[in-house]
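K.L.:
Structure incoming, see below.
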Amino acid sequence: MEIIKCLDYDDLSKIAACIFIDKIKNIEKPILGLATGSTPLGLYKNLVKAYKDKVISFKNAITCNLDEYLGLDEDDEMSYHYYMKENLIDKVDILKDNFHIPDSHLENPKIYDEILDKIGRRSIQLLGVGENGHIAFNEPNSFLSSRTSIVKLTENTIEVNSRFFENETFVPRKAITMGIKDILNADEIILLANGKKKENVIRDFIKTENIDPNFPISFLKLHDNLKILISDMDIEL
């Protein structure tokens, strides 16, 4: 595990982008595991710039996202489909059939497992982390063997994510998420964490030695190529 303390959010975004650019340039068919939320926005902005500057091309890339709210249409501005298209997919030259994200109306989660199995091991997996330690929408009481599933969001996650919606009542109560087993199925994992609100969960992750299903981020300790990029935190390394 490597923890990189960045100067600020812009620095974090640029370092993360450099890691992704290296994969895209040097792997014939890079398989990119992507995430949503506020933290990756700077990364995606840098990747779009690199594409426009003809530094990279996404023509040979395959992407697969971690999760999606249940029940939201693809063109709903709060859906992760919309987020990805708005911030990356529609701004680069990735082939439409190579962009994968869970179907928000999917009744059988195993269908996404089949897609992941066909794609194979990711070259790199991007992650964020929730204040309660969840990764993707794998909330506390998750298991190492878990695959794609429909999950009920905790009150903490609903409250935190309400900032993206008109108010808390508009936040979906369920989501479909990639499981821990598939998250770990990557050559490299990059976790981005920015700001004081993520300070406690990162500090607890660094201190803990045990794998705790009630602290899902702890499963990442099982991976042998993990980088954590942090910024705007008072954490001594």
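Ligands are numbered from 1 in the order shown, chains are lettered A, B, ... in the order of the structure tokens, and residues start at 1 in each chain.
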Apply DSSP to the structure's backbone, then extract all residues of segment 39-214 of chain A labelled strand (DSSP E) and return them as a list of chain:residue names.
P.N.:
A:Ile62, A:Thr63, A:Cys64, A:Asn65, A:Asp67, A:Glu68, A:Tyr69, A:Phe99, A:His100, A:Ile124, A:Gln125, A:Leu126, A:Leu127, A:Ser149, A:Ile150, A:Val151, A:Lys152, A:Lys174, A:Ala175, A:Ile176, A:Thr177, A:Ile189, A:Ile190, A:Leu191, A:Leu192, A:Ala193, A:Asn194
K.L.:
Write a file of the selected residues as a PDB file, in the first residue's frame, keeping C-alpha atoms.
P.N.:
```pdb
ATOM      1  CA  ILE A  62     -13.077  -0.495 -22.037  1.00  0.00           C
ATOM      2  CA  THR A  63     -14.682   1.081 -18.987  1.00  0.00           C
ATOM      3  CA  CYS A  64     -16.896  -0.365 -16.294  1.00  0.00           C
ATOM      4  CA  ASN A  65     -18.476   1.609 -13.486  1.00  0.00           C
ATOM      5  CA  ASP A  67     -22.622   1.380  -9.266  1.00  0.00           C
ATOM      6  CA  GLU A  68     -25.875   3.145 -10.056  1.00  0.00           C
ATOM      7  CA  TYR A  69     -28.927   4.325  -8.156  1.00  0.00           C
ATOM      8  CA  PHE A  99     -18.818   1.825 -21.799  1.00  0.00           C
ATOM      9  CA  HIS A 100     -20.411  -0.326 -19.101  1.00  0.00           C
ATOM     10  CA  ILE A 124      -6.882  -0.130 -12.916  1.00  0.00           C
ATOM     11  CA  GLN A 125      -9.813   0.441 -10.561  1.00  0.00           C
ATOM     12  CA  LEU A 126     -10.752   3.912  -9.326  1.00  0.00           C
ATOM     13  CA  LEU A 127     -12.442   4.220  -5.940  1.00  0.00           C
ATOM     14  CA  SER A 149     -26.141  -6.888  -5.821  1.00  0.00           C
ATOM     15  CA  ILE A 150     -29.022  -4.576  -5.068  1.00  0.00           C
ATOM     16  CA  VAL A 151     -28.442  -2.901  -1.731  1.00  0.00           C
ATOM     17  CA  LYS A 152     -30.372  -0.719   0.661  1.00  0.00           C
ATOM     18  CA  LYS A 174     -31.543   1.500  -3.110  1.00  0.00           C
ATOM     19  CA  ALA A 175     -28.677   1.056  -5.545  1.00  0.00           C
ATOM     20  CA  ILE A 176     -27.026  -1.643  -7.615  1.00  0.00           C
ATOM     21  CA  THR A 177     -23.350  -2.089  -6.875  1.00  0.00           C
ATOM     22  CA  ILE A 189      -6.443   0.180  -7.262  1.00  0.00           C
ATOM     23  CA  ILE A 190      -6.424   3.957  -6.871  1.00  0.00           C
ATOM     24  CA  LEU A 191      -8.505   5.442  -4.059  1.00  0.00           C
ATOM     25  CA  LEU A 192      -9.067   9.203  -3.973  1.00  0.00           C
ATOM     26  CA  ALA A 193     -10.014  11.005  -0.758  1.00  0.00           C
ATOM     27  CA  ASN A 194     -10.239  14.761  -0.366  1.00  0.00           C
TER      28      ASN A 194
END
```
K.L.:
Which neighbours of Glu86 of chain A fall inside 12 Å, counting only C-alpha atoms, when residues of the same chain fewer than 5 positions from it are skipped, and could you give them as a list in words?
P.N.:
Thr36, Leu41, Tyr44, Lys45, Val48, Glu74, Asp75, Asp76, Glu77, Met78, Ser79, Tyr80, His81, Lys91 and Val92 of chain A
K.L.:
Counting only C-alpha atoms, what is within 9 Å of Val129 of chain A, bar same-chain residues fewer than 5 positions away, as an mmCIF file with C-alpha atoms, in the first residue's frame?
P.N.:
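The result, stored in selection05.cif:
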```cif
data_model
loop_
_atom_site.group_PDB
_atom_site.id
_atom_site.type_symbol
_atom_site.label_atom_id
_atom_site.label_comp_id
_atom_site.auth_asym_id
_atom_site.auth_seq_id
_atom_site.Cartn_x
_atom_site.Cartn_y
_atom_site.Cartn_z
ATOM 1 C CA HIS A 134 -18.295 2.089 2.235
ATOM 2 C CA ILE A 135 -16.702 1.515 -1.177
ATOM 3 C CA ALA A 136 -18.973 1.733 -4.198
ATOM 4 C CA LEU A 191 -8.505 5.442 -4.059
ATOM 5 C CA LEU A 192 -9.067 9.203 -3.973
ATOM 6 C CA ALA A 193 -10.014 11.005 -0.758
ATOM 7 C CA LYS A 198 -12.879 11.956 4.799
ATOM 8 C CA VAL A 201 -12.187 7.203 7.676
ATOM 9 C CA ILE A 202 -8.721 7.399 6.105
ATOM 10 C CA ILE A 217 -12.675 -0.155 2.944
#
```
K.L.:
With distances taken over only C-alpha atoms, which of A:Asp11, A:Gly37, A:Ile206, A:Arg163 is nearest to Tyr82 of chain A?
P.N.:
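The answer is A:Gly37, which sits nearest to Tyr82 of chain A.
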K.L.:
Using only C-alpha atoms, determine which residues lie at most 8 Å from segment 144-147 of chain A, disregarding the query and same-chain residues fewer than 2 positions distant; provide the list as a ChimeraX atom specification.
P.N.:
/A:113,142,149,178-182,213,219
K.L.:
For the residues in that selection, give me C-alpha atoms as a CSV table (one decimal), in the first residue's frame.
P.N.:
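Okay, this is what ended up in out.csv:
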```csv
chain,number,residue,atom,x,y,z
A,113,ASP,CA,-21.5,-10.1,-13.2
A,142,SER,CA,-20.4,-6.5,3.3
A,149,SER,CA,-26.1,-6.9,-5.8
A,178,MET,CA,-20.3,-4.1,-7.9
A,179,GLY,CA,-19.3,-6.4,-5.1
A,180,ILE,CA,-16.0,-6.5,-3.1
A,181,LYS,CA,-14.8,-9.6,-5.0
A,182,ASP,CA,-14.9,-7.7,-8.4
A,213,PRO,CA,-17.0,-6.5,7.1
A,219,PHE,CA,-11.0,-5.2,2.4
```
K.L.:
What is the atom CA of Tyr112 of chain A to atom CA of Ala35 of chain A distance in Å?
P.N.:
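Distance between the two atoms: 15.7 Å.
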K.L.:
Restricting the calculation to only C-alpha atoms: of A:Met233, A:Leu226, A:Leu47, A:Ile115, which residue gets closest to Lys23 of chain A?
P.N.:
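For Lys23 of chain A, the nearest of the given residues is A:Leu47.
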K.L.:
Please report the interatomic distance between atom CA of Lys196 of chain A and atom CA of Val160 of chain A in Å with one decimal.
P.N.:
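Distance reported for this atom pair: 13.8 Å.
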K.L.:
Find the spatial neighbours of Pro140 of chain A, counting only C-alpha atoms, within a cut-off of 6 Å - ignore same-chain residues fewer than 2 positions away - and output them as a compact mmCIF listing (two decimals) with N, CA and C atoms, in the first residue's frame.
P.N.:
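Contents of the output file selection_36.txt:
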```
# COMPACT_ATOMS: atom_id res chain seq x y z
N SER A 142 -20.63 -5.90 4.66
CA SER A 142 -20.37 -6.46 3.33
C SER A 142 -19.41 -7.64 3.46
N ASN A 214 -17.77 -4.72 8.65
CA ASN A 214 -18.49 -3.50 8.98
C ASN A 214 -17.72 -2.23 8.62
N PHE A 215 -16.53 -2.42 8.07
CA PHE A 215 -15.70 -1.31 7.61
C PHE A 215 -15.17 -1.71 6.23
N PRO A 216 -16.04 -1.64 5.20
CA PRO A 216 -15.72 -2.24 3.89
C PRO A 216 -14.40 -1.81 3.28
```
K.L.:
Which of these residues is nearest to Asp232 of chain A, using only C-alpha atoms: A:Asn210, A:Phe170, A:Gly71, A:Gly195?
P.N.:
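Once distances to Asp232 of chain A are computed over only C-alpha atoms, the minimum belongs to A:Gly195.
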K.L.:
Just give me the gap between atom CA of Asn225 of chain A and atom CA of Phe20 of chain A in Å, one decimal is fine.
P.N.:
14.4 Å
K.L.:
Please run DSSP on the backbone and report, as a PyMOL selection string, all residues within segment 102-167 of chain A that come out as helix (DSSP H, G or I).
P.N.:
chain A and resi 110-119+155-164
K.L.:
Filtering to C-alpha atoms, could you give me those residues as a compact mmCIF listing (two decimals), in the first residue's frame?
P.N.:
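Produced file again_12.txt, reproduced below:
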```txt
# COMPACT_ATOMS: atom_id res chain seq x y z
CA LYS A 110 -26.02 -11.37 -12.17
CA ILE A 111 -26.32 -9.83 -15.63
CA TYR A 112 -23.68 -7.26 -14.65
CA ASP A 113 -21.52 -10.07 -13.25
CA GLU A 114 -21.63 -11.69 -16.68
CA ILE A 115 -20.47 -8.43 -18.26
CA LEU A 116 -17.61 -8.14 -15.76
CA ASP A 117 -16.59 -11.75 -16.36
CA LYS A 118 -16.52 -11.16 -20.11
CA ILE A 119 -14.45 -7.97 -19.74
CA GLU A 155 -29.23 6.59 6.51
CA ASN A 156 -25.68 7.97 6.67
CA THR A 157 -25.14 7.49 2.94
CA ILE A 158 -28.55 8.95 2.11
CA GLU A 159 -27.82 12.00 4.26
CA VAL A 160 -24.35 12.54 2.76
CA ASN A 161 -25.56 12.10 -0.83
CA SER A 162 -28.53 14.42 -0.33
CA ARG A 163 -26.25 17.35 -1.22
CA PHE A 164 -26.51 16.24 -4.86
```
